[in-house]
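S.K.: File follows, query.txt with compact mmCIF, C-alpha atoms:
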```txt
# COMPACT_ATOMS: atom_id res chain seq x y z
CA MET A 85 -23.98 -38.17 -11.19
CA LYS A 86 -27.30 -39.70 -10.13
CA PHE A 87 -28.71 -38.94 -13.58
CA LEU A 88 -25.81 -40.76 -15.29
CA THR A 89 -26.23 -43.74 -12.97
CA ALA A 90 -29.93 -43.95 -13.84
CA LEU A 91 -29.13 -43.59 -17.55
CA VAL A 92 -26.89 -46.66 -17.60
CA SER A 93 -29.22 -48.72 -15.40
CA PRO A 94 -31.23 -51.50 -17.10
CA ARG A 95 -34.30 -49.23 -17.02
CA GLY A 96 -32.60 -46.09 -18.24
CA ALA A 97 -30.35 -47.69 -20.86
CA VAL A 98 -33.31 -48.39 -23.15
CA PHE A 99 -34.02 -44.65 -23.50
CA LEU A 100 -30.37 -43.90 -24.24
CA LEU A 101 -30.33 -46.67 -26.84
CA LEU A 102 -33.55 -45.34 -28.40
CA VAL A 103 -32.06 -41.87 -28.82
CA ILE A 104 -28.88 -43.29 -30.38
CA LEU A 105 -30.84 -45.43 -32.85
CA LEU A 106 -33.20 -42.62 -33.86
CA VAL A 107 -30.28 -40.27 -34.45
CA ALA A 108 -28.57 -42.93 -36.58
CA VAL A 109 -31.73 -43.42 -38.64
CA MET A 110 -32.07 -39.65 -39.15
CA VAL A 111 -28.45 -39.41 -40.29
CA LEU A 112 -28.96 -42.15 -42.87
CA ASN A 113 -32.43 -40.93 -43.84
CA PRO A 114 -32.94 -37.19 -43.10
CA ASN A 115 -36.61 -37.41 -44.14
CA PHE A 116 -37.27 -39.50 -41.04
CA ALA A 117 -36.99 -36.34 -38.91
CA GLU A 118 -40.15 -34.91 -40.48
CA PRO A 119 -43.17 -34.94 -38.12
CA GLY A 120 -45.26 -36.96 -40.55
CA GLN A 121 -42.60 -39.67 -40.79
CA LEU A 122 -42.28 -39.82 -37.01
CA MET A 123 -46.04 -40.30 -36.72
CA ARG A 124 -45.88 -43.17 -39.21
CA TYR A 125 -43.06 -44.67 -37.17
CA ILE A 126 -45.15 -44.55 -33.99
CA GLN A 127 -48.09 -45.99 -35.93
CA ARG A 128 -45.97 -49.01 -36.89
CA VAL A 129 -44.76 -49.47 -33.33
CA ALA A 130 -48.22 -49.13 -31.72
CA PRO A 131 -49.40 -52.78 -32.13
CA VAL A 132 -46.12 -54.16 -30.73
CA ALA A 133 -46.03 -51.63 -27.90
CA ILE A 134 -49.61 -52.46 -26.87
CA VAL A 135 -48.80 -56.19 -26.81
CA ALA A 136 -45.67 -55.40 -24.76
CA ILE A 137 -47.83 -53.60 -22.18
CA GLY A 138 -49.88 -56.76 -21.71
CA GLN A 139 -46.77 -58.95 -21.57
CA TYR A 140 -45.29 -56.60 -18.96
CA PHE A 141 -48.05 -57.34 -16.45
CA VAL A 142 -47.60 -61.09 -16.88
CA ILE A 143 -43.81 -61.00 -16.62
CA ILE A 144 -43.66 -58.84 -13.49
CA ALA A 145 -45.84 -61.50 -11.84
CA GLY A 146 -43.20 -64.09 -12.73
CA GLU A 147 -45.09 -65.69 -15.64
CA PHE A 148 -45.06 -65.77 -19.46
CA ASP A 149 -47.78 -65.44 -22.09
CA LEU A 150 -46.83 -67.19 -25.32
CA SER A 151 -50.38 -67.14 -26.70
CA GLN A 152 -50.44 -63.45 -27.64
CA GLY A 153 -49.34 -63.90 -31.25
CA SER A 154 -51.81 -66.67 -32.03
CA LEU A 155 -54.59 -64.76 -30.29
CA ILE A 156 -53.84 -61.76 -32.51
CA THR A 157 -54.03 -64.01 -35.57
CA ALA A 158 -57.32 -65.53 -34.40
CA GLN A 159 -58.82 -62.11 -33.68
CA VAL A 160 -57.76 -60.78 -37.07
CA ILE A 161 -59.42 -63.75 -38.79
CA VAL A 162 -62.56 -63.32 -36.67
CA ALA A 163 -62.79 -59.65 -37.61
CA GLY A 164 -62.07 -60.26 -41.28
CA ASN A 165 -64.74 -62.92 -41.67
CA LEU A 166 -67.51 -61.73 -39.34
CA VAL A 167 -67.50 -58.01 -40.15
CA ALA A 168 -67.34 -58.56 -43.92
CA GLN A 169 -68.64 -55.46 -45.74
CA ASP A 170 -71.41 -54.70 -43.25
CA ASP A 171 -70.60 -51.56 -41.25
CA ALA A 172 -73.37 -52.39 -38.79
CA ARG A 173 -71.38 -55.41 -37.58
CA THR A 174 -68.39 -53.38 -36.48
CA VAL A 175 -69.45 -52.76 -32.87
CA PRO A 176 -70.90 -56.28 -32.24
CA VAL A 177 -67.73 -57.91 -33.62
CA LEU A 178 -65.55 -55.62 -31.51
CA CYS A 179 -67.51 -56.71 -28.43
CA LEU A 180 -67.12 -60.36 -29.45
CA MET A 181 -63.36 -59.90 -29.82
CA VAL A 182 -63.14 -58.38 -26.34
CA VAL A 183 -65.09 -61.31 -24.87
CA LEU A 184 -62.89 -63.83 -26.72
CA GLY A 185 -59.77 -62.08 -25.42
CA LEU A 186 -61.05 -62.11 -21.84
CA VAL A 187 -61.96 -65.81 -22.06
CA VAL A 188 -58.51 -66.76 -23.38
CA GLY A 189 -56.82 -64.74 -20.63
CA LEU A 190 -59.11 -66.23 -17.99
CA VAL A 191 -58.37 -69.80 -19.12
CA ASN A 192 -54.62 -69.12 -19.20
CA GLY A 193 -54.72 -67.58 -15.74
CA LEU A 194 -56.87 -70.23 -14.07
CA LEU A 195 -54.91 -73.15 -15.50
CA THR A 196 -51.68 -71.52 -14.33
CA THR A 197 -52.80 -70.51 -10.84
CA LEU A 198 -55.36 -73.12 -9.77
CA LEU A 199 -53.99 -76.21 -11.51
CA LYS A 200 -50.38 -75.11 -10.93
CA VAL A 201 -49.39 -75.78 -14.54
CA PRO A 202 -46.38 -73.64 -15.57
CA SER A 203 -47.54 -70.65 -17.61
CA PHE A 204 -44.97 -71.49 -20.27
CA ILE A 205 -46.76 -74.81 -20.93
CA VAL A 206 -50.30 -73.41 -20.59
CA THR A 207 -49.79 -70.52 -22.99
CA LEU A 208 -47.75 -72.66 -25.39
CA GLY A 209 -50.71 -75.04 -25.56
CA MET A 210 -53.10 -72.13 -26.07
CA MET A 211 -50.85 -70.77 -28.81
CA LEU A 212 -50.91 -74.09 -30.68
CA ALA A 213 -54.67 -74.54 -30.16
CA LEU A 214 -55.51 -71.08 -31.52
CA LEU A 215 -53.11 -71.44 -34.43
CA GLY A 216 -54.58 -74.83 -35.31
CA LEU A 217 -58.12 -73.42 -35.28
CA VAL A 218 -57.04 -70.54 -37.51
CA LEU A 219 -55.39 -72.88 -40.03
CA TRP A 220 -58.46 -75.14 -40.00
CA TRP A 221 -60.76 -72.16 -40.59
CA THR A 222 -58.73 -70.49 -43.32
CA GLY A 223 -56.87 -73.41 -44.88
CA GLY A 224 -53.71 -71.34 -44.45
CA ALA A 225 -54.80 -68.73 -47.01
CA ALA A 226 -55.91 -65.11 -46.70
CA THR A 227 -59.64 -64.92 -46.10
CA GLY A 228 -62.09 -62.19 -45.16
CA ASN A 229 -62.28 -58.52 -46.03
CA PRO A 230 -63.72 -56.30 -43.27
CA ALA A 231 -65.54 -53.06 -44.00
CA ASP A 232 -63.58 -49.84 -44.34
CA SER A 233 -65.10 -48.52 -41.12
CA PHE A 234 -63.34 -51.31 -39.23
CA ARG A 235 -60.07 -50.89 -41.11
CA GLN A 236 -60.01 -47.18 -40.38
CA ILE A 237 -59.32 -47.90 -36.70
CA GLY A 238 -55.87 -49.12 -37.64
CA ARG A 239 -55.10 -47.06 -40.72
CA GLY A 240 -57.12 -43.85 -40.23
CA GLY A 241 -56.61 -40.78 -38.09
CA ILE A 242 -57.04 -37.04 -37.81
CA ARG A 243 -55.83 -35.26 -40.94
CA ASP A 244 -54.88 -31.71 -41.91
CA LEU A 245 -53.35 -30.87 -38.54
CA PRO A 246 -50.76 -28.10 -38.26
CA VAL A 247 -47.16 -29.37 -38.13
CA LEU A 248 -48.11 -33.05 -37.80
CA ASP A 249 -50.54 -33.06 -40.76
CA PHE A 250 -51.72 -36.58 -39.78
CA LEU A 251 -52.33 -38.08 -36.33
CA PRO A 252 -53.15 -41.83 -36.59
CA TRP A 253 -55.83 -43.32 -34.37
CA SER A 254 -53.33 -46.01 -33.41
CA VAL A 255 -51.07 -43.40 -31.81
CA LEU A 256 -53.96 -42.12 -29.70
CA ILE A 257 -54.96 -45.68 -28.78
CA LEU A 258 -51.39 -46.48 -27.74
CA ALA A 259 -51.25 -43.35 -25.58
CA ALA A 260 -54.57 -44.23 -23.93
CA TRP A 261 -53.55 -47.88 -23.36
CA LEU A 262 -50.22 -46.80 -21.83
CA ALA A 263 -52.00 -44.29 -19.59
CA LEU A 264 -54.35 -47.06 -18.46
CA GLY A 265 -51.39 -49.34 -17.82
CA ILE A 266 -49.61 -46.72 -15.72
CA TRP A 267 -52.81 -46.19 -13.74
CA ILE A 268 -53.05 -49.94 -13.06
CA THR A 269 -49.45 -50.05 -11.83
CA LYS A 270 -50.34 -47.43 -9.23
CA ARG A 271 -53.38 -49.36 -8.07
CA PRO A 272 -53.30 -52.31 -5.62
CA LEU A 273 -53.42 -54.74 -8.57
CA GLY A 274 -50.17 -53.46 -10.06
CA LYS A 275 -48.37 -53.40 -6.71
CA LEU A 276 -49.55 -56.90 -5.84
CA LEU A 277 -48.30 -58.20 -9.19
CA ILE A 278 -44.86 -56.82 -8.34
CA ALA A 279 -45.08 -58.40 -4.88
CA ILE A 280 -46.12 -61.79 -6.31
CA GLY A 281 -43.28 -61.73 -8.80
CA ASP A 282 -40.79 -60.91 -6.05
CA ASN A 283 -42.08 -63.35 -3.40
CA ALA A 284 -45.31 -65.19 -4.19
CA ARG A 285 -45.27 -67.19 -0.95
CA ALA A 286 -45.01 -64.12 1.26
CA THR A 287 -47.82 -62.44 -0.67
CA ARG A 288 -49.98 -65.54 -0.27
CA TYR A 289 -49.32 -65.66 3.50
CA SER A 290 -50.38 -62.03 3.76
CA GLY A 291 -53.90 -63.04 2.75
CA ALA A 292 -53.96 -61.69 -0.82
CA ARG A 293 -55.82 -63.72 -3.44
CA ASP A 294 -52.74 -64.31 -5.55
CA TRP A 295 -54.55 -66.63 -7.99
CA TRP A 296 -57.03 -63.91 -8.95
CA VAL A 297 -54.34 -61.22 -9.13
CA THR A 298 -52.22 -63.29 -11.53
CA THR A 299 -55.27 -64.33 -13.56
CA ARG A 300 -56.12 -60.67 -14.13
CA ALA A 301 -52.60 -60.13 -15.47
CA PHE A 302 -53.27 -62.79 -18.12
CA MET A 303 -56.60 -61.16 -18.94
CA ILE A 304 -54.89 -57.79 -19.42
CA SER A 305 -52.35 -59.50 -21.68
CA SER A 306 -55.08 -61.05 -23.83
CA LEU A 307 -56.96 -57.74 -24.01
CA SER A 308 -53.75 -56.06 -25.17
CA ALA A 309 -53.42 -58.67 -27.92
CA THR A 310 -57.04 -57.98 -28.91
CA VAL A 311 -56.46 -54.23 -29.18
CA SER A 312 -53.34 -54.90 -31.24
CA ALA A 313 -55.34 -57.18 -33.55
CA VAL A 314 -57.91 -54.44 -34.17
CA LEU A 315 -55.11 -52.11 -35.28
CA LEU A 316 -53.43 -54.77 -37.42
CA VAL A 317 -56.65 -55.46 -39.36
CA GLY A 318 -56.37 -51.99 -40.82
CA TYR A 319 -52.59 -51.81 -40.99
CA ALA A 320 -51.56 -55.30 -42.12
CA GLY A 321 -54.78 -56.79 -43.54
CA VAL A 322 -56.34 -60.21 -42.91
CA HIS A 323 -53.99 -63.17 -43.21
CA PRO A 324 -53.13 -66.21 -41.04
CA SER A 325 -49.54 -64.95 -40.75
CA VAL A 326 -50.57 -61.67 -39.10
CA GLY A 327 -49.58 -61.74 -35.45
CA ARG A 328 -47.18 -64.66 -35.64
CA GLY A 329 -44.15 -64.11 -33.44
CA TYR A 330 -45.61 -61.08 -31.70
CA GLU A 331 -45.30 -62.78 -28.31
CA PHE A 332 -41.52 -63.08 -28.75
CA VAL A 333 -41.22 -59.50 -29.99
CA ALA A 334 -43.18 -58.36 -26.93
CA ILE A 335 -40.97 -60.37 -24.56
CA THR A 336 -37.89 -58.91 -26.23
CA ALA A 337 -39.25 -55.38 -25.82
CA VAL A 338 -40.09 -55.96 -22.15
CA VAL A 339 -36.64 -57.42 -21.43
CA LEU A 340 -35.01 -54.51 -23.26
CA GLY A 341 -36.93 -52.20 -20.93
CA GLY A 342 -35.14 -53.70 -17.94
CA VAL A 343 -38.04 -55.84 -16.70
CA VAL A 344 -36.58 -58.84 -14.91
CA LEU A 345 -37.62 -62.26 -16.19
CA GLY A 346 -38.99 -64.04 -13.16
CA GLY A 347 -40.87 -60.98 -11.94
CA GLY A 348 -40.59 -58.50 -9.11
CA ARG A 349 -38.94 -55.62 -10.98
CA GLY A 350 -39.96 -53.52 -13.94
CA TRP A 351 -41.24 -50.21 -15.27
CA ILE A 352 -44.05 -50.19 -17.82
CA VAL A 353 -42.81 -47.06 -19.63
CA ALA A 354 -39.40 -48.67 -20.17
CA ALA A 355 -41.12 -51.78 -21.55
CA VAL A 356 -42.92 -49.63 -24.14
CA ALA A 357 -39.64 -47.86 -24.94
CA GLY A 358 -38.21 -51.32 -25.66
CA ALA A 359 -40.78 -51.75 -28.44
CA PHE A 360 -39.70 -48.45 -29.97
CA VAL A 361 -36.05 -49.53 -29.76
CA LEU A 362 -36.80 -52.76 -31.63
CA GLU A 363 -38.63 -50.96 -34.44
CA ALA A 364 -35.87 -48.36 -34.71
CA LEU A 365 -33.24 -51.11 -34.83
CA PHE A 366 -35.08 -53.05 -37.54
CA LEU A 367 -35.58 -49.82 -39.49
CA LEU A 368 -31.85 -49.10 -39.23
CA LEU A 369 -31.03 -52.62 -40.42
CA ASN A 370 -33.35 -52.17 -43.42
CA ILE A 371 -31.69 -48.89 -44.35
CA ALA A 372 -28.28 -50.54 -44.03
CA GLY A 373 -29.42 -53.34 -46.36
CA VAL A 374 -29.27 -56.15 -43.79
CA PRO A 375 -31.57 -59.05 -44.84
CA SER A 376 -34.85 -59.21 -42.96
CA SER A 377 -34.25 -62.92 -42.41
CA LEU A 378 -31.66 -61.98 -39.78
CA ARG A 379 -34.27 -60.31 -37.56
CA ASP A 380 -34.81 -63.43 -35.46
CA ALA A 381 -31.08 -63.77 -34.88
CA VAL A 382 -30.82 -60.12 -33.86
CA GLN A 383 -33.82 -60.52 -31.57
CA GLY A 384 -32.26 -63.53 -29.87
CA VAL A 385 -28.97 -61.71 -29.30
CA ILE A 386 -30.87 -58.75 -27.84
CA ILE A 387 -32.70 -60.96 -25.34
CA ILE A 388 -29.49 -62.66 -24.20
CA ALA A 389 -27.58 -59.37 -23.94
CA ALA A 390 -30.38 -57.52 -22.10
CA VAL A 391 -30.91 -60.33 -19.58
CA ALA A 392 -27.17 -60.67 -18.98
CA TYR A 393 -26.76 -56.90 -18.51
CA SER A 394 -29.68 -56.72 -16.08
CA GLY A 395 -28.30 -59.64 -14.10
CA LEU A 396 -24.84 -58.08 -13.84
CA VAL A 397 -26.22 -54.72 -12.72
CA PHE A 398 -28.51 -56.17 -10.04
CA ARG A 399 -25.78 -58.47 -8.70
CA SER A 400 -23.32 -55.59 -8.49
CA ARG A 401 -25.89 -53.47 -6.63
CA ARG A 402 -26.50 -56.25 -4.12
CA ARG A 403 -22.78 -56.68 -3.52
CA GLY A 404 -22.59 -52.94 -2.98
CA GLY A 405 -25.27 -53.09 -0.28
CA ALA A 406 -28.05 -51.56 -2.35
CA PRO A 407 -31.58 -52.23 -1.09
CA GLN A 408 -33.10 -55.39 -2.53
CA THR A 409 -36.71 -54.32 -2.16
CA PRO A 410 -38.32 -54.30 -5.65
CA PRO A 411 -39.18 -50.82 -6.93
CA SER A 412 -42.82 -49.87 -7.16
CA PRO A 413 -43.87 -49.44 -10.81
CA GLY A 414 -45.75 -46.29 -9.93
CA LYS A 415 -42.74 -44.58 -8.36
CA GLU A 416 -39.32 -43.48 -9.43
CA PRO A 417 -36.83 -46.36 -9.78
CA ASP A 418 -34.82 -45.24 -6.72
CA ALA A 419 -37.70 -44.82 -4.29
CA PRO A 420 -36.63 -45.24 -0.65
CA ASP A 421 -37.32 -48.40 1.34
CA GLY A 422 -39.94 -46.78 3.56
CA ALA A 423 -41.97 -45.72 0.56
CA GLU A 424 -41.89 -49.27 -0.83
CA GLU A 425 -43.07 -50.82 2.44
CA SER A 426 -45.88 -48.29 2.63
CA SER A 427 -46.91 -49.09 -0.96
CA ALA A 428 -46.98 -52.82 -0.27
CA THR A 429 -49.12 -52.30 2.83
CA GLN A 430 -51.55 -50.08 0.89
CA ALA A 431 -51.75 -52.66 -1.89
CA LEU A 432 -52.66 -55.45 0.51
CA ALA A 433 -55.16 -53.21 2.27
CA GLY A 434 -56.74 -52.36 -1.09
CA GLU A 435 -57.23 -56.07 -1.75
CA GLY A 436 -58.83 -56.56 1.66
CA ALA A 437 -55.82 -58.46 3.00
CA ALA A 438 -54.28 -57.75 6.37
CA PRO A 439 -50.48 -57.85 6.64
CA ASN A 440 -49.14 -60.72 8.68
CA ASN A 441 -47.40 -59.22 11.70
CA ARG A 442 -46.48 -62.45 13.46
CA SER A 443 -42.91 -62.47 14.74
```
Translate this structure into structure tokens?

M.R.:
Amino acid sequence: MKFLTALVSPRGAVFLLLVILLVAVMVLNPNFAEPGQLMRYIQRVAPVAIVAIGQYFVIIAGEFDLSQGSLITAQVIVAGNLVAQDDARTVPVLCLMVVLGLVVGLVNGLLTTLLKVPSFIVTLGMMLALLGLVLWWTGGAATGNPADSFRQIGRGGIRDLPVLDFLPWSVLILAAWLALGIWITKRPLGKLLIAIGDNARATRYSGARDWWVTTRAFMISSLSATVSAVLLVGYAGVHPSVGRGYEFVAITAVVLGGVVLGGGRGWIVAAVAGAFVLEALFLLLNIAGVPSSLRDAVQGVIIIAAVAYSGLVFRSRRRGGAPQTPPSPGKEPDAPDGAEESSATQALAGEGAAPNNRS
């Protein structure tokens, strides 16, 4: 009974939906069940899933990052034009991309936290600024052709493996990025982000440096966009349209995973599962012959439905007397209250903040 309850919860429903969609795709296209095809499917999902991981950290803190798509586009153009056909430039350009990503995230975070400008406005401005620079640089046309050594990060992999035959690097990078994300959620940073999203004022009164915690969430988001851009250079090529709309796809994936807009609740694994659900749904629509132009409409309906479903479930739980303490991202969704209070105390202690025990 408890398993069924978890399966229909906002967090568990995404996994049930993923299974249903994958089965439907396999019925319509039996070749999809082959290990090689499944690896290609994960390879296509990897850039979106990595961006969703970054968006997850921003959303659980109660913010948004709308600059991810434009940052991906800018990073792709940077890689395409600076690497050129010189393999020796691969590592220096990768380092430059990381620095650029960190700077964008830092600016987004500081403007949001220190100047108190809503993140929606800050990241929207950053999105337009980056997109304008890209269009100025490229004239709106494809430009740049990076060396094959750089492209192999996104399109290459380990070949001639038993059963799988081919294991893309992007799949391994996604697995490593998700593992890093899970590790962060179990650290004080991840727990403080949940606390800030649930009650920023209480977290601030506890002595935690909420401005720096939230800023780091934006930096993780920009780094995720940078990693996704590296993969897309090899997978999608170099063009000013690469990366456009990725921020909305990432938000859709995170919402599908049961992460509450406004912060305070969410599970990073479910957010990644949301990215897989989106790709499976779009693949199913392609097989069924639905025009690709309807993707945006489908995406909008998904966001509305997922948010409405999450709201109904949480309201019904509150009316039923369920605990309102936000679940820790590093624990099971139904962790007891005592465990949550202990986690919050440990998170504050890890940040050097003493809990406020005034009555």

S.K.: One decimal, Å: what's the distance from CA of Thr222 (chain A) over to CA of Ile134 (chain A), could you say?

M.R.: 26.1 Å

S.K.: Would you mind telling me which residue in A:Leu178, A:Leu362, A:Ala260, A:Met303 lies nearest to Asn192 (chain A) when using only C-alpha atoms?

M.R.: A:Met303

S.K.: For Val98 (chain A), find every residue with an atom within 8 Å (counting all atoms listed in the file), except residues of its own chain fewer than 4 positions away, and show them as a PDB file with C-alpha atoms, in the frame of the given file.

M.R.:
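Printed below is part-v3.pdb as written:
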```pdb
ATOM      1  CA  PRO A  94     -31.230 -51.500 -17.100  1.00  0.00           C
ATOM      2  CA  LEU A 102     -33.550 -45.340 -28.400  1.00  0.00           C
ATOM      3  CA  LEU A 340     -35.010 -54.510 -23.260  1.00  0.00           C
ATOM      4  CA  GLY A 341     -36.930 -52.200 -20.930  1.00  0.00           C
ATOM      5  CA  GLY A 342     -35.140 -53.700 -17.940  1.00  0.00           C
ATOM      6  CA  ALA A 354     -39.400 -48.670 -20.170  1.00  0.00           C
ATOM      7  CA  ALA A 357     -39.640 -47.860 -24.940  1.00  0.00           C
ATOM      8  CA  GLY A 358     -38.210 -51.320 -25.660  1.00  0.00           C
ATOM      9  CA  VAL A 361     -36.050 -49.530 -29.760  1.00  0.00           C
TER      10      VAL A 361
END
```

S.K.: Counting only C-alpha atoms, figure out which residue out of A:Leu256, A:Ala309, A:Ala279, A:Ile388 gets nearest to Val326 (chain A).

M.R.: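 Of all the options, A:Ala309 lies closest to Val326 (chain A).
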
S.K.: What lies within 10 Å of Leu258 (chain A) using only C-alpha atoms, ignoring chain neighbours under 2 positions off, as an mmCIF file with C-alpha atoms, keeping the file's coordinate frame?

M.R.:
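In the end it all went to out_5.cif:
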```cif
data_model
loop_
_atom_site.group_PDB
_atom_site.id
_atom_site.type_symbol
_atom_site.label_atom_id
_atom_site.label_comp_id
_atom_site.auth_asym_id
_atom_site.auth_seq_id
_atom_site.Cartn_x
_atom_site.Cartn_y
_atom_site.Cartn_z
ATOM 1 C CA ILE A 126 -45.150 -44.550 -33.990
ATOM 2 C CA GLN A 127 -48.090 -45.990 -35.930
ATOM 3 C CA VAL A 129 -44.760 -49.470 -33.330
ATOM 4 C CA ALA A 130 -48.220 -49.130 -31.720
ATOM 5 C CA PRO A 131 -49.400 -52.780 -32.130
ATOM 6 C CA VAL A 132 -46.120 -54.160 -30.730
ATOM 7 C CA ALA A 133 -46.030 -51.630 -27.900
ATOM 8 C CA ILE A 134 -49.610 -52.460 -26.870
ATOM 9 C CA ILE A 137 -47.830 -53.600 -22.180
ATOM 10 C CA TRP A 253 -55.830 -43.320 -34.370
ATOM 11 C CA SER A 254 -53.330 -46.010 -33.410
ATOM 12 C CA VAL A 255 -51.070 -43.400 -31.810
ATOM 13 C CA LEU A 256 -53.960 -42.120 -29.700
ATOM 14 C CA ALA A 260 -54.570 -44.230 -23.930
ATOM 15 C CA TRP A 261 -53.550 -47.880 -23.360
ATOM 16 C CA LEU A 262 -50.220 -46.800 -21.830
ATOM 17 C CA ALA A 263 -52.000 -44.290 -19.590
ATOM 18 C CA LEU A 264 -54.350 -47.060 -18.460
ATOM 19 C CA VAL A 311 -56.460 -54.230 -29.180
ATOM 20 C CA SER A 312 -53.340 -54.900 -31.240
ATOM 21 C CA VAL A 356 -42.920 -49.630 -24.140
#
```

S.K.: To one decimal place in Å, what is the distance between CA of Ala355 (chain A) and CA of Ile144 (chain A)?

M.R.: 11.0 Å

S.K.: From the options A:Val343, A:Leu378, A:Leu315, A:Ile278, which residue's atoms come nearest to Arg239 (chain A), counting only C-alpha atoms?

M.R.: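 Once distances to Arg239 (chain A) are computed over only C-alpha atoms, the minimum belongs to A:Leu315.
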
S.K.: Pick out the closest residue to Leu251 (chain A) from this set: A:Ala145, A:Ala313, A:Leu122, A:Ala337. Count only C-alpha atoms.

M.R.: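 With only C-alpha atoms as the atom set, the closest residue is A:Leu122.
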
S.K.: State, in Å with one decimal place, the distance from CA of Leu307 (chain A) to CA of Gly138 (chain A).

M.R.: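 Computing it gives 7.5 Å between the two atoms.
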
S.K.: Which residue is closest to Arg173 (chain A)? Choose from A:Ser376, A:Ser325, A:Thr299, A:Ser233 and count only C-alpha atoms.

M.R.: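 That would be A:Ser233, the residue with the smallest distance to Arg173 (chain A).
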
S.K.: Counting all atoms listed in the file, which of A:Ala172, A:Met210, A:Ile335, A:Ile161 gets nearest to Phe148 (chain A)?

M.R.: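 Among A:Ala172, A:Met210, A:Ile335, A:Ile161, it is A:Ile335 that comes nearest to Phe148 (chain A).
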
S.K.: Kindly reconstruct region 225-236 of chain A with N, CA, C and O atoms and present the result as an mmCIF file, in the frame of the given file.

M.R.:
```
data_model
loop_
_atom_site.group_PDB
_atom_site.id
_atom_site.type_symbol
_atom_site.label_atom_id
_atom_site.label_comp_id
_atom_site.auth_asym_id
_atom_site.auth_seq_id
_atom_site.Cartn_x
_atom_site.Cartn_y
_atom_site.Cartn_z
ATOM 1 N N ALA A 225 -54.778 -69.795 -46.005
ATOM 2 C CA ALA A 225 -54.800 -68.730 -47.010
ATOM 3 C C ALA A 225 -55.513 -67.501 -46.459
ATOM 4 O O ALA A 225 -56.272 -67.578 -45.499
ATOM 5 N N ALA A 226 -55.247 -66.356 -47.092
ATOM 6 C CA ALA A 226 -55.910 -65.110 -46.700
ATOM 7 C C ALA A 226 -57.404 -65.235 -46.945
ATOM 8 O O ALA A 226 -57.842 -65.710 -47.992
ATOM 9 N N THR A 227 -58.193 -64.835 -45.966
ATOM 10 C CA THR A 227 -59.640 -64.920 -46.100
ATOM 11 C C THR A 227 -60.299 -63.806 -45.313
ATOM 12 O O THR A 227 -59.824 -63.429 -44.245
ATOM 13 N N GLY A 228 -61.382 -63.253 -45.862
ATOM 14 C CA GLY A 228 -62.090 -62.190 -45.160
ATOM 15 C C GLY A 228 -61.637 -60.810 -45.593
ATOM 16 O O GLY A 228 -60.465 -60.577 -45.891
ATOM 17 N N ASN A 229 -62.583 -59.899 -45.637
ATOM 18 C CA ASN A 229 -62.280 -58.520 -46.030
ATOM 19 C C ASN A 229 -63.226 -57.595 -45.270
ATOM 20 O O ASN A 229 -64.342 -57.329 -45.725
ATOM 21 N N PRO A 230 -62.818 -57.117 -44.085
ATOM 22 C CA PRO A 230 -63.720 -56.300 -43.270
ATOM 23 C C PRO A 230 -64.023 -54.956 -43.902
ATOM 24 O O PRO A 230 -63.279 -54.458 -44.758
ATOM 25 N N ALA A 231 -65.112 -54.364 -43.476
ATOM 26 C CA ALA A 231 -65.540 -53.060 -44.000
ATOM 27 C C ALA A 231 -64.514 -51.988 -43.697
ATOM 28 O O ALA A 231 -63.723 -52.095 -42.753
ATOM 29 N N ASP A 232 -64.535 -50.935 -44.512
ATOM 30 C CA ASP A 232 -63.580 -49.840 -44.340
ATOM 31 C C ASP A 232 -63.709 -49.169 -42.980
ATOM 32 O O ASP A 232 -62.722 -48.680 -42.425
ATOM 33 N N SER A 233 -64.913 -49.150 -42.420
ATOM 34 C CA SER A 233 -65.100 -48.520 -41.120
ATOM 35 C C SER A 233 -64.293 -49.241 -40.043
ATOM 36 O O SER A 233 -63.798 -48.618 -39.098
ATOM 37 N N PHE A 234 -64.153 -50.546 -40.182
ATOM 38 C CA PHE A 234 -63.340 -51.310 -39.230
ATOM 39 C C PHE A 234 -61.860 -51.106 -39.499
ATOM 40 O O PHE A 234 -61.062 -50.944 -38.570
ATOM 41 N N ARG A 235 -61.478 -51.083 -40.752
ATOM 42 C CA ARG A 235 -60.070 -50.890 -41.110
ATOM 43 C C ARG A 235 -59.556 -49.512 -40.710
ATOM 44 O O ARG A 235 -58.375 -49.355 -40.412
ATOM 45 N N GLN A 236 -60.435 -48.540 -40.689
ATOM 46 C CA GLN A 236 -60.010 -47.180 -40.380
ATOM 47 C C GLN A 236 -59.480 -47.037 -38.949
ATOM 48 O O GLN A 236 -58.743 -46.109 -38.654
#
```
